[in-house]
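Undergrad: So here's model-v1.cif (mmCIF, C-alpha atoms).
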data_target
#
loop_
_atom_site.group_PDB
_atom_site.id
_atom_site.type_symbol
_atom_site.label_atom_id
_atom_site.label_comp_id
_atom_site.auth_asym_id
_atom_site.auth_seq_id
_atom_site.Cartn_x
_atom_site.Cartn_y
_atom_site.Cartn_z
ATOM 1 C CA MET A 57 152.492 143.342 -41.821
ATOM 2 C CA VAL A 58 151.622 143.829 -38.148
ATOM 3 C CA GLU A 59 150.549 140.652 -36.375
ATOM 4 C CA THR A 60 147.410 140.654 -34.265
ATOM 5 C CA LEU A 61 147.340 139.797 -30.569
ATOM 6 C CA THR A 62 145.523 136.546 -31.416
ATOM 7 C CA THR A 63 148.317 135.489 -33.787
ATOM 8 C CA LEU A 64 150.905 136.313 -31.138
ATOM 9 C CA ARG A 65 148.980 134.306 -28.518
ATOM 10 C CA GLU A 66 148.830 131.325 -30.914
ATOM 11 C CA LEU A 67 152.546 131.688 -31.472
ATOM 12 C CA GLU A 68 153.159 131.728 -27.712
ATOM 13 C CA ASP A 69 150.979 128.606 -27.277
ATOM 14 C CA SER A 70 153.064 126.804 -29.892
ATOM 15 C CA LEU A 71 156.253 127.324 -27.884
ATOM 16 C CA SER A 72 157.669 124.524 -25.745
ATOM 17 C CA GLU A 73 158.815 125.144 -22.176
ATOM 18 C CA GLU A 74 162.458 125.071 -23.316
ATOM 19 C CA GLU A 75 161.737 127.602 -26.045
ATOM 20 C CA LYS A 76 159.988 129.900 -23.570
ATOM 21 C CA ALA A 77 162.918 129.590 -21.155
ATOM 22 C CA ILE A 78 165.381 130.524 -23.907
ATOM 23 C CA LEU A 79 163.281 133.549 -24.933
ATOM 24 C CA ALA A 80 163.063 134.641 -21.279
ATOM 25 C CA VAL A 81 166.853 134.399 -20.878
ATOM 26 C CA LEU A 82 167.425 136.326 -24.103
ATOM 27 C CA GLY A 83 164.963 138.945 -22.854
ATOM 28 C CA GLN A 84 167.235 139.403 -19.817
ATOM 29 C CA VAL A 85 170.699 139.278 -21.377
ATOM 30 C CA GLY A 86 169.902 140.466 -24.905
ATOM 31 C CA ALA A 87 172.479 138.303 -26.647
ATOM 32 C CA ALA A 88 174.225 135.046 -25.721
ATOM 33 C CA THR A 89 176.099 132.104 -27.181
ATOM 34 C CA PRO A 90 174.315 128.719 -27.213
ATOM 35 C CA ALA A 91 176.681 127.526 -24.449
ATOM 36 C CA GLU A 92 175.710 130.448 -22.237
ATOM 37 C CA LEU A 93 172.031 129.902 -22.977
ATOM 38 C CA ALA A 94 172.448 126.265 -21.974
ATOM 39 C CA VAL A 95 174.024 127.297 -18.654
ATOM 40 C CA LYS A 96 171.286 129.866 -18.005
ATOM 41 C CA THR A 97 168.612 127.192 -18.522
ATOM 42 C CA PHE A 98 170.559 124.471 -16.632
ATOM 43 C CA SER A 99 170.815 122.395 -19.800
ATOM 44 C CA LEU A 100 173.657 120.985 -21.841
ATOM 45 C CA PRO A 101 174.445 122.754 -25.138
ATOM 46 C CA GLU A 102 173.214 119.813 -27.227
ATOM 47 C CA GLU A 103 169.898 119.812 -25.326
ATOM 48 C CA ILE A 104 169.037 123.269 -26.566
ATOM 49 C CA ASN A 105 169.978 122.719 -30.216
ATOM 50 C CA ASP A 106 166.462 121.651 -31.204
ATOM 51 C CA PRO A 107 164.653 124.450 -29.331
ATOM 52 C CA LEU A 108 167.046 126.971 -30.902
ATOM 53 C CA LEU A 109 166.406 125.562 -34.361
ATOM 54 C CA SER A 110 162.664 125.706 -33.759
ATOM 55 C CA LEU A 111 162.863 129.326 -32.554
ATOM 56 C CA LYS A 112 164.818 130.187 -35.679
ATOM 57 C CA GLU A 113 162.191 128.520 -37.865
ATOM 58 C CA LYS A 114 159.487 130.486 -36.035
ATOM 59 C CA GLN A 115 161.509 133.628 -36.872
ATOM 60 C CA LEU A 116 161.906 134.668 -33.258
ATOM 61 C CA ILE A 117 165.693 134.698 -32.996
ATOM 62 C CA ASP A 118 168.619 135.859 -35.108
ATOM 63 C CA VAL A 119 171.919 134.036 -35.124
ATOM 64 C CA ARG A 120 175.106 135.883 -35.996
ATOM 65 C CA GLN A 121 178.720 134.802 -36.072
ATOM 66 C CA VAL A 122 181.267 135.921 -33.496
ATOM 67 C CA LYS A 123 185.036 135.702 -33.693
ATOM 68 C CA GLY A 124 187.370 134.159 -31.130
ATOM 69 C CA ARG A 125 188.185 130.703 -29.837
ATOM 70 C CA LEU A 126 184.636 130.175 -28.582
ATOM 71 C CA GLY A 127 183.523 131.746 -31.851
ATOM 72 C CA GLY A 128 180.479 130.570 -33.603
ATOM 73 C CA ASP A 129 176.960 131.643 -32.967
ATOM 74 C CA LEU A 130 175.605 134.560 -31.004
ATOM 75 C CA VAL A 131 171.858 134.408 -30.510
ATOM 76 C CA THR A 132 169.671 137.508 -30.209
ATOM 77 C CA LEU A 133 165.933 138.135 -30.130
ATOM 78 C CA ASN A 134 164.611 139.672 -33.315
ATOM 79 C CA GLU A 135 161.884 142.293 -33.757
ATOM 80 C CA ARG A 136 159.125 139.656 -33.845
ATOM 81 C CA ALA A 137 160.184 138.153 -30.512
ATOM 82 C CA LEU A 138 160.537 141.577 -28.925
ATOM 83 C CA ARG A 139 157.034 142.440 -30.105
ATOM 84 C CA LEU A 140 155.718 139.104 -28.790
ATOM 85 C CA GLN A 141 157.179 139.797 -25.355
ATOM 86 C CA ARG A 142 156.003 143.434 -25.326
ATOM 87 C CA GLU A 143 152.435 142.822 -26.507
ATOM 88 C CA LEU A 144 151.801 139.823 -24.291
ATOM 89 C CA GLN A 145 153.187 141.659 -21.272
ATOM 90 C CA VAL A 146 150.906 144.619 -21.940
ATOM 91 C CA SER A 147 147.833 142.449 -22.542
ATOM 92 C CA ARG A 148 148.487 140.545 -19.277
ATOM 93 C CA ARG A 149 148.879 143.806 -17.371
ATOM 94 C CA VAL A 150 145.567 145.074 -18.799
ATOM 95 C CA LYS A 151 143.822 141.861 -17.696
ATOM 96 C CA MET B 231 182.724 188.683 -45.328
ATOM 97 C CA ILE B 232 179.006 189.445 -45.429
ATOM 98 C CA VAL B 233 178.231 185.724 -45.269
ATOM 99 C CA LEU B 234 180.491 185.307 -42.228
ATOM 100 C CA ASN B 235 178.849 188.278 -40.542
ATOM 101 C CA THR B 236 175.399 186.832 -41.224
ATOM 102 C CA ILE B 237 176.429 183.471 -39.752
ATOM 103 C CA ALA B 238 177.972 185.186 -36.708
ATOM 104 C CA THR B 239 174.807 187.233 -36.134
ATOM 105 C CA TRP B 240 172.663 184.120 -36.471
ATOM 106 C CA LEU B 241 174.870 182.146 -34.072
ATOM 107 C CA ALA B 242 174.789 184.996 -31.541
ATOM 108 C CA GLY B 243 171.004 184.868 -31.609
ATOM 109 C CA VAL B 244 170.793 181.137 -30.869
ATOM 110 C CA PRO B 245 169.857 180.502 -27.229
ATOM 111 C CA TRP B 246 172.633 177.935 -26.616
ATOM 112 C CA GLY B 247 171.752 177.701 -22.943
ATOM 113 C CA LEU B 248 168.323 176.277 -23.751
ATOM 114 C CA TYR B 249 169.740 173.645 -26.117
ATOM 115 C CA LEU B 250 172.405 172.763 -23.563
ATOM 116 C CA LEU B 251 169.705 172.346 -20.919
ATOM 117 C CA ALA B 252 167.511 170.157 -23.143
ATOM 118 C CA GLY B 253 170.490 168.074 -24.328
ATOM 119 C CA GLY B 254 171.914 167.737 -20.823
ATOM 120 C CA ALA B 255 168.604 166.662 -19.296
ATOM 121 C CA SER B 256 168.127 164.168 -22.106
ATOM 122 C CA LEU B 257 171.664 162.848 -21.540
ATOM 123 C CA VAL B 258 170.939 162.253 -17.849
ATOM 124 C CA LEU B 259 167.733 160.467 -18.808
ATOM 125 C CA ALA B 260 169.580 158.246 -21.310
ATOM 126 C CA VAL B 261 172.290 157.358 -18.768
ATOM 127 C CA SER B 262 169.617 156.375 -16.239
ATOM 128 C CA GLU B 263 167.894 154.274 -18.924
ATOM 129 C CA VAL B 264 171.107 152.379 -19.718
ATOM 130 C CA VAL B 265 171.865 151.889 -16.018
ATOM 131 C CA SER B 266 168.381 150.544 -15.273
ATOM 132 C CA SER B 267 168.170 148.398 -18.444
ATOM 133 C CA PHE B 268 171.571 146.819 -17.849
ATOM 134 C CA GLU B 269 171.459 146.807 -14.059
ATOM 135 C CA LEU B 270 173.646 143.696 -13.799
ATOM 136 C CA ASP B 271 176.489 145.411 -15.609
ATOM 137 C CA PRO B 272 175.788 149.165 -15.908
ATOM 138 C CA VAL B 273 179.399 150.392 -16.070
ATOM 139 C CA ARG B 274 180.375 147.930 -18.798
ATOM 140 C CA ALA B 275 177.185 148.793 -20.682
ATOM 141 C CA LEU B 276 177.974 152.510 -20.514
ATOM 142 C CA ARG B 277 181.449 151.893 -21.936
ATOM 143 C CA THR B 278 180.165 150.330 -25.177
ATOM 144 C CA TRP B 279 179.828 152.025 -28.569
ATOM 145 C CA GLY B 280 176.118 151.271 -28.543
ATOM 146 C CA SER B 281 175.743 153.246 -25.344
ATOM 147 C CA THR B 282 177.702 156.208 -26.736
ATOM 148 C CA LEU B 283 175.453 156.162 -29.796
ATOM 149 C CA LEU B 284 172.337 155.976 -27.613
ATOM 150 C CA LEU B 285 173.453 158.978 -25.538
ATOM 151 C CA LEU B 286 174.258 160.957 -28.699
ATOM 152 C CA LEU B 287 170.898 159.990 -30.194
ATOM 153 C CA ASN B 288 169.029 161.259 -27.137
ATOM 154 C CA VAL B 289 170.920 164.567 -27.064
ATOM 155 C CA THR B 290 170.437 165.068 -30.825
ATOM 156 C CA MET B 291 166.724 164.258 -30.619
ATOM 157 C CA ALA B 292 166.174 166.663 -27.703
ATOM 158 C CA VAL B 293 167.998 169.487 -29.506
ATOM 159 C CA LEU B 294 166.169 168.731 -32.770
ATOM 160 C CA ILE B 295 162.741 168.687 -31.124
ATOM 161 C CA LEU B 296 163.404 171.898 -29.204
ATOM 162 C CA ALA B 297 164.547 173.584 -32.434
ATOM 163 C CA LEU B 298 161.433 172.281 -34.220
ATOM 164 C CA MET B 299 159.136 173.498 -31.448
ATOM 165 C CA ARG B 300 160.767 176.915 -31.413
ATOM 166 C CA SER B 301 160.610 177.286 -35.188
ATOM 167 C CA LEU B 302 156.924 176.248 -35.214
ATOM 168 C CA GLY B 303 156.225 178.724 -32.436
ATOM 169 C CA THR B 304 155.029 176.104 -29.941
ATOM 170 C CA ALA B 305 157.834 176.836 -27.489
ATOM 171 C CA GLY B 306 159.141 180.151 -26.273
ATOM 172 C CA ASP B 307 162.526 180.767 -24.719
ATOM 173 C CA SER B 308 161.578 179.346 -21.352
ATOM 174 C CA PRO B 309 164.146 177.079 -19.667
ATOM 175 C CA TRP B 310 161.235 175.013 -18.302
ATOM 176 C CA VAL B 311 160.210 174.067 -21.827
ATOM 177 C CA ALA B 312 163.807 173.051 -22.605
ATOM 178 C CA LEU B 313 163.941 170.984 -19.417
ATOM 179 C CA THR B 314 160.619 169.342 -20.215
ATOM 180 C CA VAL B 315 161.787 168.456 -23.731
ATOM 181 C CA GLY B 316 164.968 166.893 -22.317
ATOM 182 C CA LEU B 317 163.405 164.961 -19.467
ATOM 183 C CA GLY B 318 160.205 164.061 -21.297
ATOM 184 C CA LEU B 319 161.934 163.058 -24.535
ATOM 185 C CA PRO B 320 160.362 159.561 -24.813
ATOM 186 C CA THR B 321 156.911 161.200 -24.647
ATOM 187 C CA VAL B 322 157.732 164.367 -26.569
ATOM 188 C CA VAL B 323 159.252 162.358 -29.436
ATOM 189 C CA ARG B 324 155.837 160.759 -29.993
ATOM 190 C CA THR B 325 154.264 164.170 -30.615
ATOM 191 C CA ARG B 326 153.161 164.784 -34.205
ATOM 192 C CA PHE B 327 154.350 168.150 -35.407
ATOM 193 C CA THR B 328 152.041 169.575 -38.069
ATOM 194 C CA VAL B 329 154.084 171.866 -40.303
ATOM 195 C CA MET B 330 151.335 172.564 -42.863
ATOM 196 C CA LYS B 331 147.659 172.594 -42.038
ATOM 197 C CA PRO B 332 145.095 171.637 -44.721
ATOM 198 C CA LEU B 333 142.996 174.341 -46.304
ATOM 199 C CA PRO B 334 139.553 174.754 -44.725
ATOM 200 C CA GLY B 335 137.047 172.420 -46.358
ATOM 201 C CA THR B 336 139.648 169.986 -47.677
ATOM 202 C CA ALA B 337 138.303 166.491 -47.080
ATOM 203 C CA GLY B 338 140.488 163.564 -46.081
ATOM 204 C CA SER B 339 143.629 165.568 -45.496
ATOM 205 C CA GLU B 340 145.381 165.888 -42.148
ATOM 206 C CA GLY B 341 148.137 168.244 -43.224
ATOM 207 C CA VAL B 342 151.855 167.578 -43.372
ATOM 208 C CA GLU B 343 153.165 165.995 -40.205
ATOM 209 C CA ILE B 344 156.649 165.228 -39.010
ATOM 210 C CA ARG B 345 156.841 161.974 -37.047
ATOM 211 C CA LEU B 346 160.089 161.238 -35.258
ATOM 212 C CA ASP B 347 158.892 158.367 -33.063
ATOM 213 C CA GLU B 348 159.507 155.522 -35.531
ATOM 214 C CA LEU B 349 162.979 156.782 -36.375
ATOM 215 C CA TYR B 350 163.772 157.202 -32.663
ATOM 216 C CA ASP B 351 162.455 153.710 -31.776
ATOM 217 C CA ARG B 352 164.446 152.058 -34.571
ATOM 218 C CA LEU B 353 167.668 153.841 -33.682
ATOM 219 C CA GLN B 354 167.147 153.131 -29.981
ATOM 220 C CA SER B 355 166.610 149.392 -30.659
ATOM 221 C CA PHE B 356 169.732 149.369 -32.846
ATOM 222 C CA CYS B 357 171.811 150.926 -30.038
ATOM 223 C CA ARG B 358 170.416 148.505 -27.447
ATOM 224 C CA ARG B 359 171.266 145.550 -29.679
ATOM 225 C CA ARG B 360 174.811 146.892 -30.096
ATOM 226 C CA ILE B 361 175.145 147.084 -26.293
ATOM 227 C CA ASP B 362 173.773 143.530 -25.901
ATOM 228 C CA VAL B 363 176.175 142.127 -28.486
ATOM 229 C CA ALA B 364 179.152 144.025 -27.006
ATOM 230 C CA LEU B 365 178.391 142.733 -23.504
ATOM 231 C CA ALA B 366 177.970 139.168 -24.792
ATOM 232 C CA GLY B 367 181.329 139.495 -26.577
ATOM 233 C CA GLN B 368 182.969 140.663 -23.356
ATOM 234 C CA ARG B 369 181.525 137.667 -21.483
ATOM 235 C CA VAL B 370 182.865 135.304 -24.145
ATOM 236 C CA ARG B 371 186.349 136.847 -23.886
ATOM 237 C CA MET B 372 186.304 136.538 -20.112
ATOM 238 C CA VAL B 373 185.306 132.868 -20.321
ATOM 239 C CA GLU B 374 188.161 132.305 -22.797
ATOM 240 C CA GLN B 375 190.602 133.751 -20.238
ATOM 241 C CA ALA B 376 189.121 131.592 -17.490
ATOM 242 C CA MET B 377 189.483 128.485 -19.677
ATOM 243 C CA ASP B 378 193.150 129.312 -20.230
ATOM 244 C CA ARG B 379 194.110 130.183 -16.673
ATOM 245 C CA LEU B 380 191.807 128.437 -14.221
ATOM 246 C CA ALA B 381 191.957 124.803 -13.185
ATOM 247 C CA LEU B 382 188.893 122.578 -13.473
ATOM 248 C CA ASP B 383 188.962 121.882 -9.719
ATOM 249 C CA ASP B 384 188.822 125.594 -8.851
ATOM 250 C CA LEU B 385 185.997 126.204 -11.284
ATOM 251 C CA GLU B 386 184.085 123.188 -9.967
ATOM 252 C CA ARG B 387 184.472 124.324 -6.339
ATOM 253 C CA LYS B 388 183.215 127.831 -7.066
ATOM 254 C CA ALA B 389 180.357 126.655 -9.287
ATOM 255 C CA ARG B 390 179.211 124.194 -6.592
ATOM 256 C CA LEU B 391 179.284 126.974 -4.009
ATOM 257 C CA LEU B 392 177.102 129.145 -6.225
ATOM 258 C CA LEU B 393 174.685 126.572 -7.554
ATOM 259 C CA GLU B 394 174.467 124.110 -4.671
ATOM 260 C CA GLY B 395 174.928 126.484 -1.763
ATOM 261 C CA GLY B 396 171.436 127.842 -2.299
ATOM 262 C CA LEU B 397 172.567 131.391 -1.537
ATOM 263 C CA VAL B 398 172.611 132.780 -5.046
ATOM 264 C CA VAL B 399 170.576 130.296 -7.090
ATOM 265 C CA THR B 400 167.566 128.561 -5.621
ATOM 266 C CA ALA B 401 166.187 126.829 -8.751
ATOM 267 C CA SER B 402 165.692 123.083 -8.244
ATOM 268 C CA GLN B 403 167.686 122.165 -11.375
ATOM 269 C CA ALA B 404 170.688 124.123 -10.081
ATOM 270 C CA SER B 405 171.713 121.590 -7.437
ATOM 271 C CA GLY B 406 172.618 118.793 -9.855
ATOM 272 C CA TYR B 407 173.884 120.979 -12.691
ATOM 273 C CA VAL B 408 177.614 120.846 -11.879
ATOM 274 C CA ASP B 409 177.494 117.019 -11.735
ATOM 275 C CA LYS B 410 175.486 116.993 -14.959
ATOM 276 C CA ILE B 411 178.366 118.816 -16.688
ATOM 277 C CA LEU B 412 181.163 116.835 -15.068
ATOM 278 C CA ASP B 413 179.481 113.456 -15.707
ATOM 279 C CA GLN B 414 179.477 113.959 -19.487
ATOM 280 C CA GLN B 415 181.992 111.349 -20.639
ATOM 281 C CA GLU B 416 182.150 112.725 -24.165
ATOM 282 C CA TYR B 417 183.111 116.233 -22.960
ATOM 283 C CA ASP B 418 186.815 117.026 -22.810
ATOM 284 C CA GLU B 419 188.195 119.101 -19.933
ATOM 285 C CA GLU B 420 188.134 122.323 -21.949
ATOM 286 C CA ARG B 421 184.408 122.010 -22.620
ATOM 287 C CA LYS B 422 183.716 121.384 -18.941
ATOM 288 C CA ARG B 423 185.830 124.410 -18.003
ATOM 289 C CA MET B 424 183.921 126.532 -20.501
ATOM 290 C CA LEU B 425 180.498 125.602 -19.114
ATOM 291 C CA LEU B 426 181.586 126.015 -15.484
ATOM 292 C CA SER B 427 183.139 129.413 -16.302
ATOM 293 C CA PHE B 428 179.887 130.527 -17.923
ATOM 294 C CA ALA B 429 178.016 129.312 -14.822
ATOM 295 C CA ILE B 430 180.271 131.317 -12.466
ATOM 296 C CA LEU B 431 180.040 134.386 -14.700
ATOM 297 C CA ASN B 432 176.260 134.237 -14.940
ATOM 298 C CA TYR B 433 175.430 133.318 -11.356
ATOM 299 C CA GLY B 434 178.352 134.934 -9.528
ATOM 300 C CA GLY B 435 178.884 137.939 -11.790
ATOM 301 C CA HIS B 436 181.874 139.473 -13.578
ATOM 302 C CA GLY B 437 183.478 140.436 -10.281
ATOM 303 C CA MET B 438 183.698 136.868 -9.041
ATOM 304 C CA LEU B 439 185.330 135.483 -12.188
ATOM 305 C CA GLU B 440 187.645 138.495 -12.364
ATOM 306 C CA GLU B 441 188.690 137.859 -8.768
ATOM 307 C CA MET B 442 189.453 134.225 -9.603
ATOM 308 C CA LEU B 443 191.523 135.308 -12.603
ATOM 309 C CA LYS B 444 193.437 137.835 -10.484
ATOM 310 C CA SER B 445 194.265 135.311 -7.778
ATOM 311 C CA ALA B 446 195.302 132.784 -10.424
ATOM 312 C CA LYS B 447 197.674 135.395 -11.841
ATOM 313 C CA ALA B 448 199.058 136.148 -8.374
ATOM 314 C CA LYS B 449 199.852 132.486 -7.659
ATOM 315 C CA PRO B 450 203.416 131.464 -8.547
ATOM 316 C CA PRO B 451 203.533 128.964 -11.412
ATOM 317 C CA ALA B 452 203.655 125.343 -10.189
#
Kindly return the structure encoded in the file as structure tokens.
TA:
Amino acid sequence: MVETLTTLRELEDSLSEEEKAILAVLGQVGAATPAELAVKTFSLPEEINDPLLSLKEKQLIDVRQVKGRLGGDLVTLNERALRLQRELQVSRRVK
Amino acid sequence: MIVLNTIATWLAGVPWGLYLLAGGASLVLAVSEVVSSFELDPVRALRTWGSTLLLLLNVTMAVLILALMRSLGTAGDSPWVALTVGLGLPTVVRTRFTVMKPLPGTAGSEGVEIRLDELYDRLQSFCRRRIDVALAGQRVRMVEQAMDRLALDDLERKARLLLEGGLVVTASQASGYVDKILDQQEYDEERKRMLLSFAILNYGGHGMLEEMLKSAKAKPPA
């Protein structure tokens, strides 16, 4: 089901500043570990745990496992988040 | 023998030059897309499997669309058409090709259309995600090397230069970030090295961390 612009705006309004910062970073780098996301937002890894959990609950990010010593989670934007960024960018440009 | 002759005759009649032109132009377009989308790390991005897939996808789509246009009679054997298909692929792929028109007077029917845009968009997103994940994996591996071979003092010095020097990063939170990491009593040295390595990699780039790793390798062991 395709979400309307109003729904996407409501979703954007429900995001905290930390969540928006994480989405913006993921928009730039595409995929990152939580530690890298923390560095990119000048936070500590434990400070972004809650925003990441919230973004996952809002179905805006996907978390996959990576191998290696730093192995663990790799966070990516999912289709919904990409659409949110695309649609809101377009609607702002039109305004 | 007859079958082989038929195939040979058919192959001889195919204007390979046109397909080569369309595919080549589309390839150039795809390379420029990857370079501009991953401008921080274009060479590494181009070396990933996702990128190879994306380039192949663009070439295949250009060749497929040109073949479709020629078979439907909407394109002649002009090299300009082939060039337009290759360079204008993102637009051309959104064209709806009607292969069967409805009979006159048929209500509510739009004929049989071939739509390639959704398939193209999905495959393109898949390739981009593969590139993103591959680049993130490479960054993780580089940080692992830095954690193994670089001393905390060296990492701290470089991170301070980047974040507190104000040359590369001007954000207000940047100035106290190195202290914020180092002041964490519960963090062991490895965790601090990891975060500082990520900071150097993200704000100084691959080249800077690579340079540090090279000079660490060149130093004689203490």
Undergrad: What's the separation between CA of Leu234 in chain B and CA of Trp246 in chain B, in Å to one decimal place?
TA: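 Here the two named atoms are 19.0 Å from each other.
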Undergrad: List the spatial neighbours of range 439-443 of chain B as a PyMOL selection string - criterion: any atom at most 12 Å away, all atoms listed in the file, same-chain residues fewer than 2 positions off excluded.
TA: chain B and resi 369+371-381+384-385+387-389+392+426-437+445-449
Undergrad: The PyMOL selection byres ((chain A and resi 100-102) around 10) on the file shown: which residues, as a short mmCIF file (atom, residue, chain, number, x, y, z; two decimals) with C-alpha atoms, in the coordinates of the input?
TA:
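Generated output (part12.cif):
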data_model
loop_
_atom_site.label_atom_id
_atom_site.label_comp_id
_atom_site.auth_asym_id
_atom_site.auth_seq_id
_atom_site.Cartn_x
_atom_site.Cartn_y
_atom_site.Cartn_z
CA THR A 89 176.10 132.10 -27.18
CA PRO A 90 174.32 128.72 -27.21
CA ALA A 91 176.68 127.53 -24.45
CA GLU A 92 175.71 130.45 -22.24
CA LEU A 93 172.03 129.90 -22.98
CA ALA A 94 172.45 126.26 -21.97
CA VAL A 95 174.02 127.30 -18.65
CA LYS A 96 171.29 129.87 -18.00
CA THR A 97 168.61 127.19 -18.52
CA PHE A 98 170.56 124.47 -16.63
CA SER A 99 170.82 122.40 -19.80
CA GLU A 103 169.90 119.81 -25.33
CA ILE A 104 169.04 123.27 -26.57
CA ASN A 105 169.98 122.72 -30.22
CA ASP A 106 166.46 121.65 -31.20
CA PRO A 107 164.65 124.45 -29.33
CA TYR B 407 173.88 120.98 -12.69
CA LYS B 410 175.49 116.99 -14.96
CA ILE B 411 178.37 118.82 -16.69
CA GLN B 414 179.48 113.96 -19.49
CA LEU B 425 180.50 125.60 -19.11
#
Undergrad: Name every residue that the PyMOL selection byres ((chain A and resi 134) around 6) selects in this structure, writing the answer as a list in words with chains first and numbers rising.
TA: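 Going through the file, the PyMOL selection byres ((chain A and resi 134) around 6) ends up selecting Leu116, Ile117, Asp118, Leu133, Glu135, Arg136 and Ala137 of chain A.
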Undergrad: Looking at A:Leu144, A:Leu64, A:Ala80, A:Ala88, which one is nearest to chain B, with distances taken over all atoms listed in the file?
TA: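 Distance minimum relative to chain B lands on A:Ala88.
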Undergrad: Between A:Leu79, A:Leu71, A:Leu140, A:Val122, which is the closest to chain B once you count only C-alpha atoms?
TA: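 Smallest separation from chain B among the options: A:Val122.
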Undergrad: When distances are computed from only C-alpha atoms, which of A:Ala87, A:Val119, A:Leu138, A:Leu111 shows the smallest separation from chain B?
TA: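 Smallest separation from chain B among the options: A:Ala87.
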Undergrad: What does the structure give for the distance between CA of Leu393 in chain B and CA of Asp413 in chain B, in Å to one decimal?
TA: 16.2 Å
Undergrad: For CA of Leu61 in chain A and CA of Ser110 in chain A, determine how far apart the two atoms are, in Å to one decimal place.
TA: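 We find that CA of Leu61 in chain A and CA of Ser110 in chain A lie 21.1 Å from each other.
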Undergrad: Kindly indicate which residue among B:Ser281, B:Asp307, B:Val399, B:Glu348 lies nearest to Ser267 in chain B, using all atoms listed in the file for the distances.
TA: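 Under the stated criterion, the closest residue is B:Ser281.
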Undergrad: Taking the file as shown, find all residues satisfying the PyMOL selection byres ((chain B and resi 363) around 9) and write them as a ChimeraX atom specification.
TA: /A:86-88,130,132 /B:358-362,364-368
Undergrad: Hey, what's within 8 Å of Leu317 in chain B if we count all atoms listed in the file and toss same-chain stuff fewer than 3 positions away? As JSON, numbers by chain, please?
TA: {"B": [252, 255, 256, 259, 313, 314]}
Undergrad: Would you kindly return, as a list in words, each protein, DNA or RNA residue with an atom no farther than 9 Å from any atom of Glu419 in chain B, considering all atoms listed in the file and excluding same-chain residues fewer than 5 positions away?
TA: Leu382, Leu412 and Met424 of chain B
Undergrad: For chain A, which residue out of B:Leu294, B:Phe268, B:Leu285, B:Thr278 is the nearest one, using only C-alpha atoms?
TA: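 The shortest atom-to-atom distance to chain A comes from B:Phe268.
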Undergrad: Set the distance at 8 Å and use only C-alpha atoms: which residues neighbour Arg120 in chain A once local chain neighbours fewer than 4 positions away are removed? I'd like the list as a VMD selection string.
TA: chain A and resid 128 to 131
Undergrad: Counting only C-alpha atoms, which of A:Gln141, A:Lys112, A:Glu73, A:Gly83 gets nearest to chain B?
TA: A:Gly83
Undergrad: Using all atoms of range 245-252 of chain B listed in the file and a margin of 6 Å per side, can you give the axis-aligned box centre and edge lengths in Å to one decimal, as JSON?
TA:
{"center_x": 170.1, "center_y": 175.3, "center_z": -24.1, "size_x": 17.1, "size_y": 22.3, "size_z": 18.3}
Undergrad: Using the atoms already present, construct N, CA and C atoms for range 94-105 of chain A and hand them back as a short mmCIF file (atom, residue, chain, number, x, y, z; two decimals), in the coordinates of the input.
TA:
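Result file out07.cif:
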data_model
loop_
_atom_site.label_atom_id
_atom_site.label_comp_id
_atom_site.auth_asym_id
_atom_site.auth_seq_id
_atom_site.Cartn_x
_atom_site.Cartn_y
_atom_site.Cartn_z
N ALA A 94 172.59 127.58 -22.60
CA ALA A 94 172.45 126.26 -21.97
C ALA A 94 172.67 126.39 -20.47
N VAL A 95 173.72 127.13 -20.08
CA VAL A 95 174.02 127.30 -18.65
C VAL A 95 172.88 128.04 -17.95
N LYS A 96 172.35 129.07 -18.62
CA LYS A 96 171.29 129.87 -18.00
C LYS A 96 169.99 129.07 -17.85
N THR A 97 169.83 128.00 -18.64
CA THR A 97 168.61 127.19 -18.52
C THR A 97 168.92 125.83 -17.87
N PHE A 98 170.10 125.71 -17.29
CA PHE A 98 170.56 124.47 -16.63
C PHE A 98 170.47 123.26 -17.56
N SER A 99 170.82 123.49 -18.81
CA SER A 99 170.82 122.40 -19.80
C SER A 99 172.23 122.20 -20.32
N LEU A 100 172.39 121.17 -21.13
CA LEU A 100 173.66 120.98 -21.84
C LEU A 100 173.49 121.61 -23.22
N PRO A 101 174.58 122.09 -23.83
CA PRO A 101 174.44 122.75 -25.14
C PRO A 101 173.68 121.94 -26.17
N GLU A 102 173.90 120.63 -26.21
CA GLU A 102 173.21 119.81 -27.23
C GLU A 102 171.71 119.68 -26.94
N GLU A 103 171.33 119.91 -25.67
CA GLU A 103 169.90 119.81 -25.33
C GLU A 103 169.10 121.00 -25.84
N ILE A 104 169.79 122.10 -26.10
CA ILE A 104 169.04 123.27 -26.57
C ILE A 104 169.17 123.49 -28.08
N ASN A 105 169.85 122.58 -28.75
CA ASN A 105 169.98 122.72 -30.22
C ASN A 105 168.63 122.72 -30.92
#
